[in-house]
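In what follows, a single structure is set out as structure tokens and then discussed.
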Amino acid sequence: MSVTVFKRKMSGLVKHSKSVYQFASVALLSSLPNRCQLCQHRIEQLDYQQLFPNQVLSGICQVCLAASLYQHEVCLGCGCEIPLLQAYCGKCLKHTPMLVVAPCSYHQGLGPLIAAIKYQQQCAPLNAITQQLATRISQLIEHKLIRAPQVLVPVPLHPNRLRQRGFNQAWLIANRLSQLLDIPLDDTSLTRVVDTVPQADLSGKQRRENCHNAFKLSDNVSYQRVALIDDVVTTGTTVDEIARLFSQQYIYVQTWCLARAEAPGLLD
């Protein structure tokens with residue numbers, strides 16, 4: 001047997017093995033019970049489709065998802081409850097902070113799931129929550145409260161953190177939104193050049209110091225409007241630091257995230 005024929009047969013065997021493995025993986029996953037990570041109840045797709053058409057649910061049931069979404073309109077500046085669908089509350093109208101679009105509050109239901117996506121690689125609910133974010137974005141665009149960006153820019157991880165975690169949840173969200181909303185994804189213009197420490201346990205001042213000059217934006221970016229994509233916005237320190245870089249090139253920035261953490265006192 002010639003070397004060429006041997007390589008050809010081995011290549012075919014490898015491809016066959018991969019196909020068998022992929023088929024077995026799909027069969028195994030489809031046989032496992034699809035349960036909600038919040039209430040542990042089995043997820044029935046037929047019931048779910050009545051509430052959220054054209055979406056396959058995984059990792060979170062219809063009841064928990066519906067209950068966790070905003071039940072009222074919120075200010076896109078500070079996140080406080082407002083009576084009508086509009087961009088800003090009266091206080092934010094005075095200084096028009098960066099728009100932050102999210103389908104829910106981090107503190108009222110989905111916080112544990114979003115944290116589990118990042119820290120425990122429990123990504124099953126990510127698609128369902130991202131779909132709700134896309135629905136919220138489409139609603140705001142339709143009512144002309146936000147303008148569709150030209151490109152989606154995920155908040156980047158430092159290469160060291162990316163190797164450690166194995167994925168960037170902001171990129172996963174941005175990639176899915178790009179498919180749902182037909183908006184291009186740019187994951188090369190913005191990079192994280194400082195391997196910052198995790199923000200979770202830092203004070204506001206420490207967060208600002210931690211993120212200062214942690215990112216780099218390519219010169220002469222050709223967009224006029226971008227949407228930063230992240231999993232959650234808490235104090236806004238990270239997105240504010242990135243927005244500062246875009247503003248230096250006269251680029252308008254808004255932020256889209258799975259959930260936002262309101263300022264202390266807003267939920268009292």
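Quick note on naming: the chains in the structure tokens go A, B, ... in the order shown, residues restart at 1 in each chain, and ligands are numbered from 1 in order of appearance.
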Quiz item: Which parts of region 43-221 of chain A does DSSP call strand (DSSP E or B) when run on the backbone here, written out as a PyMOL selection string?
Solution: chain A and resi 69+73-74+81-82+100-101+104-105+151-154+185+190-192+215-217
Hey, can you spit out that residue selection with all heavy atoms as a short mmCIF file (atom, residue, chain, number, x, y, z; two decimals), in the first residue's frame?
```
data_model
loop_
_atom_site.label_atom_id
_atom_site.label_comp_id
_atom_site.auth_asym_id
_atom_site.auth_seq_id
_atom_site.Cartn_x
_atom_site.Cartn_y
_atom_site.Cartn_z
N LEU A 69 -37.77 38.84 33.75
CA LEU A 69 -37.67 39.99 32.86
C LEU A 69 -38.28 41.22 33.52
O LEU A 69 -39.08 41.11 34.45
CB LEU A 69 -38.37 39.71 31.53
CG LEU A 69 -37.84 38.52 30.73
CD1 LEU A 69 -38.71 38.30 29.50
CD2 LEU A 69 -36.39 38.71 30.34
N GLU A 73 -41.24 49.57 32.63
CA GLU A 73 -40.23 50.28 31.85
C GLU A 73 -39.14 50.82 32.77
O GLU A 73 -39.39 51.13 33.95
CB GLU A 73 -40.87 51.44 31.09
CG GLU A 73 -41.92 51.01 30.08
CD GLU A 73 -41.39 50.05 29.04
OE1 GLU A 73 -40.18 50.07 28.78
OE2 GLU A 73 -42.19 49.28 28.49
N VAL A 74 -37.92 50.88 32.24
CA VAL A 74 -36.80 51.38 33.04
C VAL A 74 -36.03 52.44 32.26
O VAL A 74 -36.00 52.42 31.02
CB VAL A 74 -35.83 50.24 33.44
CG1 VAL A 74 -36.52 49.22 34.33
CG2 VAL A 74 -35.24 49.56 32.20
N GLU A 81 -37.14 52.63 37.66
CA GLU A 81 -38.45 52.40 37.07
C GLU A 81 -39.04 53.73 36.59
O GLU A 81 -38.98 54.74 37.29
CB GLU A 81 -39.38 51.75 38.08
CG GLU A 81 -40.77 51.46 37.55
CD GLU A 81 -41.65 50.75 38.56
OE1 GLU A 81 -41.11 50.31 39.60
OE2 GLU A 81 -42.86 50.65 38.31
N ILE A 82 -39.63 53.71 35.38
CA ILE A 82 -40.29 54.90 34.85
C ILE A 82 -41.66 54.48 34.33
O ILE A 82 -41.87 53.32 33.94
CB ILE A 82 -39.47 55.57 33.73
CG1 ILE A 82 -39.08 54.56 32.64
CG2 ILE A 82 -38.22 56.23 34.29
CD1 ILE A 82 -38.30 55.15 31.49
N VAL A 100 -27.78 52.08 28.38
CA VAL A 100 -27.51 50.69 28.70
C VAL A 100 -28.80 49.91 28.50
O VAL A 100 -29.80 50.16 29.18
CB VAL A 100 -27.02 50.52 30.15
CG1 VAL A 100 -26.81 49.04 30.47
CG2 VAL A 100 -25.73 51.30 30.37
N VAL A 101 -28.77 48.97 27.57
CA VAL A 101 -29.97 48.18 27.24
C VAL A 101 -29.81 46.79 27.82
O VAL A 101 -28.81 46.10 27.57
CB VAL A 101 -30.17 48.10 25.72
CG1 VAL A 101 -31.41 47.25 25.39
CG2 VAL A 101 -30.30 49.49 25.12
N CYS A 104 -33.40 42.70 31.82
CA CYS A 104 -33.76 42.38 33.20
C CYS A 104 -32.74 42.98 34.17
O CYS A 104 -31.67 43.45 33.78
CB CYS A 104 -33.82 40.87 33.40
SG CYS A 104 -32.23 40.04 33.15
N SER A 105 -33.11 42.93 35.43
CA SER A 105 -32.23 43.37 36.51
C SER A 105 -31.37 42.20 36.98
O SER A 105 -31.85 41.07 37.10
CB SER A 105 -33.06 43.90 37.69
OG SER A 105 -32.27 43.99 38.86
N VAL A 151 -21.92 48.22 14.22
CA VAL A 151 -21.12 47.04 14.57
C VAL A 151 -21.27 46.73 16.05
O VAL A 151 -21.56 47.63 16.87
CB VAL A 151 -19.63 47.29 14.21
CG1 VAL A 151 -19.00 48.31 15.15
CG2 VAL A 151 -18.82 46.00 14.22
N LEU A 152 -21.11 45.46 16.42
CA LEU A 152 -21.11 45.01 17.80
C LEU A 152 -19.68 44.74 18.25
O LEU A 152 -18.93 44.07 17.53
CB LEU A 152 -21.94 43.74 17.96
CG LEU A 152 -23.37 43.77 17.40
CD1 LEU A 152 -24.05 42.42 17.64
CD2 LEU A 152 -24.17 44.90 18.01
N VAL A 153 -19.32 45.26 19.41
CA VAL A 153 -17.95 45.09 19.93
C VAL A 153 -18.03 44.43 21.30
O VAL A 153 -18.46 45.06 22.27
CB VAL A 153 -17.22 46.44 20.03
CG1 VAL A 153 -15.82 46.23 20.60
CG2 VAL A 153 -17.16 47.13 18.68
N PRO A 154 -17.65 43.16 21.42
CA PRO A 154 -17.66 42.53 22.73
C PRO A 154 -16.54 43.06 23.62
O PRO A 154 -15.44 43.35 23.13
CB PRO A 154 -17.45 41.04 22.40
CG PRO A 154 -16.72 41.04 21.09
CD PRO A 154 -17.21 42.25 20.35
N LEU A 185 -20.04 41.83 13.62
CA LEU A 185 -19.29 41.69 14.86
C LEU A 185 -17.83 42.07 14.60
O LEU A 185 -17.23 41.60 13.65
CB LEU A 185 -19.38 40.25 15.37
CG LEU A 185 -18.46 39.82 16.52
CD1 LEU A 185 -18.79 40.57 17.79
CD2 LEU A 185 -18.56 38.32 16.74
N LEU A 190 -10.78 46.34 19.40
CA LEU A 190 -10.62 46.63 20.82
C LEU A 190 -9.94 45.45 21.50
O LEU A 190 -10.36 44.30 21.35
CB LEU A 190 -11.99 46.87 21.47
CG LEU A 190 -11.99 47.18 22.97
CD1 LEU A 190 -11.35 48.54 23.25
CD2 LEU A 190 -13.42 47.13 23.52
N THR A 191 -8.87 45.73 22.25
CA THR A 191 -8.15 44.69 22.97
C THR A 191 -7.93 45.11 24.42
O THR A 191 -7.89 46.30 24.73
CB THR A 191 -6.79 44.39 22.33
OG1 THR A 191 -6.03 45.62 22.23
CG2 THR A 191 -6.96 43.79 20.94
N ARG A 192 -7.80 44.12 25.29
CA ARG A 192 -7.46 44.38 26.69
C ARG A 192 -5.96 44.15 26.83
O ARG A 192 -5.47 43.03 26.63
CB ARG A 192 -8.24 43.46 27.63
CG ARG A 192 -8.11 43.87 29.10
CD ARG A 192 -8.79 42.87 30.03
NE ARG A 192 -10.23 42.86 29.90
CZ ARG A 192 -11.07 43.32 30.82
NH1 ARG A 192 -10.59 43.86 31.93
NH2 ARG A 192 -12.37 43.24 30.62
N PHE A 215 -7.46 49.03 28.30
CA PHE A 215 -7.89 48.67 26.96
C PHE A 215 -7.18 49.52 25.92
O PHE A 215 -6.71 50.63 26.20
CB PHE A 215 -9.40 48.86 26.81
CG PHE A 215 -10.22 48.02 27.76
CD1 PHE A 215 -10.60 48.54 28.99
CD2 PHE A 215 -10.58 46.73 27.44
CE1 PHE A 215 -11.35 47.79 29.87
CE2 PHE A 215 -11.32 45.96 28.32
CZ PHE A 215 -11.70 46.49 29.54
N LYS A 216 -7.13 49.00 24.71
CA LYS A 216 -6.53 49.74 23.59
C LYS A 216 -7.46 49.61 22.39
O LYS A 216 -7.95 48.52 22.07
CB LYS A 216 -5.15 49.18 23.24
CG LYS A 216 -4.48 49.94 22.10
CD LYS A 216 -3.10 49.37 21.79
CE LYS A 216 -2.45 50.12 20.64
NZ LYS A 216 -1.10 49.58 20.32
N LEU A 217 -7.70 50.73 21.73
CA LEU A 217 -8.53 50.77 20.54
C LEU A 217 -7.68 51.10 19.33
O LEU A 217 -6.83 52.00 19.38
CB LEU A 217 -9.63 51.82 20.70
CG LEU A 217 -10.63 51.97 19.56
CD1 LEU A 217 -11.45 50.69 19.38
CD2 LEU A 217 -11.56 53.16 19.81
#
```
Exercise. Would you return as JSON, numbers by chain the members of region 64-221 of chain A that DSSP assigns to alpha helix (DSSP H) on this structure's backbone?
Key: {"A": [64, 65, 66, 67, 68, 90, 91, 92, 93, 111, 112, 113, 114, 115, 116, 117, 118, 119, 120, 126, 127, 128, 129, 130, 131, 132, 133, 134, 135, 136, 137, 138, 139, 140, 141, 142, 159, 160, 161, 162, 163, 164, 165, 169, 170, 171, 172, 173, 174, 175, 176, 177, 178, 179, 180, 181, 204, 205, 206, 207, 208, 209, 210, 211]}
Self-check item: Residue neighbourhood Ser138 (chain A), 12 Å, only C-alpha atoms, exclusion window fewer than 5 positions, as a ChimeraX atom specification
Solution: /A:101-103,131-133,143-149,177,180-182,256
Restricting the output to N, CA, C and O atoms, write the selected residues as a PDB file, in the first residue's frame.
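And here is the file that came out, selection.pdb:
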```pdb
ATOM      1  N   VAL A 101     -28.775  48.971  27.567  1.00  0.00           N
ATOM      2  CA  VAL A 101     -29.967  48.183  27.241  1.00  0.00           C
ATOM      3  C   VAL A 101     -29.812  46.789  27.824  1.00  0.00           C
ATOM      4  O   VAL A 101     -28.811  46.104  27.570  1.00  0.00           O
ATOM      5  N   ALA A 102     -30.806  46.365  28.602  1.00  0.00           N
ATOM      6  CA  ALA A 102     -30.818  45.028  29.191  1.00  0.00           C
ATOM      7  C   ALA A 102     -32.264  44.580  29.316  1.00  0.00           C
ATOM      8  O   ALA A 102     -33.166  45.404  29.467  1.00  0.00           O
ATOM      9  N   PRO A 103     -32.526  43.273  29.274  1.00  0.00           N
ATOM     10  CA  PRO A 103     -33.905  42.799  29.417  1.00  0.00           C
ATOM     11  C   PRO A 103     -34.340  42.598  30.861  1.00  0.00           C
ATOM     12  O   PRO A 103     -35.520  42.341  31.116  1.00  0.00           O
ATOM     13  N   GLN A 131     -31.748  36.013  23.510  1.00  0.00           N
ATOM     14  CA  GLN A 131     -32.925  36.237  22.664  1.00  0.00           C
ATOM     15  C   GLN A 131     -33.812  37.336  23.246  1.00  0.00           C
ATOM     16  O   GLN A 131     -34.337  38.187  22.517  1.00  0.00           O
ATOM     17  N   GLN A 132     -33.960  37.346  24.564  1.00  0.00           N
ATOM     18  CA  GLN A 132     -34.763  38.384  25.201  1.00  0.00           C
ATOM     19  C   GLN A 132     -34.105  39.755  25.078  1.00  0.00           C
ATOM     20  O   GLN A 132     -34.780  40.776  24.921  1.00  0.00           O
ATOM     21  N   LEU A 133     -32.774  39.785  25.143  1.00  0.00           N
ATOM     22  CA  LEU A 133     -32.045  41.031  24.915  1.00  0.00           C
ATOM     23  C   LEU A 133     -32.288  41.530  23.491  1.00  0.00           C
ATOM     24  O   LEU A 133     -32.540  42.726  23.263  1.00  0.00           O
ATOM     25  N   HIS A 143     -39.201  51.922  18.323  1.00  0.00           N
ATOM     26  CA  HIS A 143     -39.770  53.140  18.900  1.00  0.00           C
ATOM     27  C   HIS A 143     -38.820  54.332  18.803  1.00  0.00           C
ATOM     28  O   HIS A 143     -39.072  55.388  19.392  1.00  0.00           O
ATOM     29  N   LYS A 144     -37.695  54.131  18.086  1.00  0.00           N
ATOM     30  CA  LYS A 144     -36.736  55.200  17.837  1.00  0.00           C
ATOM     31  C   LYS A 144     -36.141  55.781  19.133  1.00  0.00           C
ATOM     32  O   LYS A 144     -35.786  56.962  19.196  1.00  0.00           O
ATOM     33  N   LEU A 145     -36.021  54.937  20.144  1.00  0.00           N
ATOM     34  CA  LEU A 145     -35.380  55.359  21.385  1.00  0.00           C
ATOM     35  C   LEU A 145     -33.879  55.094  21.360  1.00  0.00           C
ATOM     36  O   LEU A 145     -33.124  55.705  22.113  1.00  0.00           O
ATOM     37  N   ILE A 146     -33.447  54.170  20.519  1.00  0.00           N
ATOM     38  CA  ILE A 146     -32.024  53.955  20.275  1.00  0.00           C
ATOM     39  C   ILE A 146     -31.831  53.797  18.770  1.00  0.00           C
ATOM     40  O   ILE A 146     -32.777  53.467  18.044  1.00  0.00           O
ATOM     41  N   ARG A 147     -30.615  54.043  18.312  1.00  0.00           N
ATOM     42  CA  ARG A 147     -30.271  53.839  16.907  1.00  0.00           C
ATOM     43  C   ARG A 147     -29.476  52.550  16.782  1.00  0.00           C
ATOM     44  O   ARG A 147     -28.620  52.246  17.627  1.00  0.00           O
ATOM     45  N   ALA A 148     -29.774  51.796  15.750  1.00  0.00           N
ATOM     46  CA  ALA A 148     -29.024  50.564  15.530  1.00  0.00           C
ATOM     47  C   ALA A 148     -27.559  50.885  15.263  1.00  0.00           C
ATOM     48  O   ALA A 148     -27.253  51.783  14.474  1.00  0.00           O
ATOM     49  N   PRO A 149     -26.636  50.198  15.926  1.00  0.00           N
ATOM     50  CA  PRO A 149     -25.212  50.450  15.683  1.00  0.00           C
ATOM     51  C   PRO A 149     -24.771  49.836  14.357  1.00  0.00           C
ATOM     52  O   PRO A 149     -25.461  48.987  13.789  1.00  0.00           O
ATOM     53  N   LEU A 177     -26.108  37.790  19.083  1.00  0.00           N
ATOM     54  CA  LEU A 177     -26.830  39.006  18.706  1.00  0.00           C
ATOM     55  C   LEU A 177     -26.566  39.366  17.250  1.00  0.00           C
ATOM     56  O   LEU A 177     -27.474  39.833  16.543  1.00  0.00           O
ATOM     57  N   LEU A 180     -28.884  37.230  15.292  1.00  0.00           N
ATOM     58  CA  LEU A 180     -30.298  37.555  15.475  1.00  0.00           C
ATOM     59  C   LEU A 180     -30.675  38.893  14.849  1.00  0.00           C
ATOM     60  O   LEU A 180     -31.773  39.049  14.316  1.00  0.00           O
ATOM     61  N   LEU A 181     -29.764  39.871  14.935  1.00  0.00           N
ATOM     62  CA  LEU A 181     -30.080  41.234  14.515  1.00  0.00           C
ATOM     63  C   LEU A 181     -29.428  41.617  13.191  1.00  0.00           C
ATOM     64  O   LEU A 181     -29.645  42.722  12.698  1.00  0.00           O
ATOM     65  N   ASP A 182     -28.617  40.716  12.642  1.00  0.00           N
ATOM     66  CA  ASP A 182     -27.933  40.968  11.370  1.00  0.00           C
ATOM     67  C   ASP A 182     -27.076  42.233  11.438  1.00  0.00           C
ATOM     68  O   ASP A 182     -27.147  43.112  10.577  1.00  0.00           O
ATOM     69  N   TRP A 256     -25.019  47.076  25.443  1.00  0.00           N
ATOM     70  CA  TRP A 256     -26.050  46.048  25.514  1.00  0.00           C
ATOM     71  C   TRP A 256     -25.538  44.920  26.398  1.00  0.00           C
ATOM     72  O   TRP A 256     -24.399  44.456  26.234  1.00  0.00           O
TER      73      TRP A 256
END
```
Quiz item: Of the candidates A:Gln71, A:Gln37, A:Asn160, A:Ser222, which shows the shortest atom-to-atom distance to Ala116 (chain A), using only C-alpha atoms?
Solution: A:Gln37
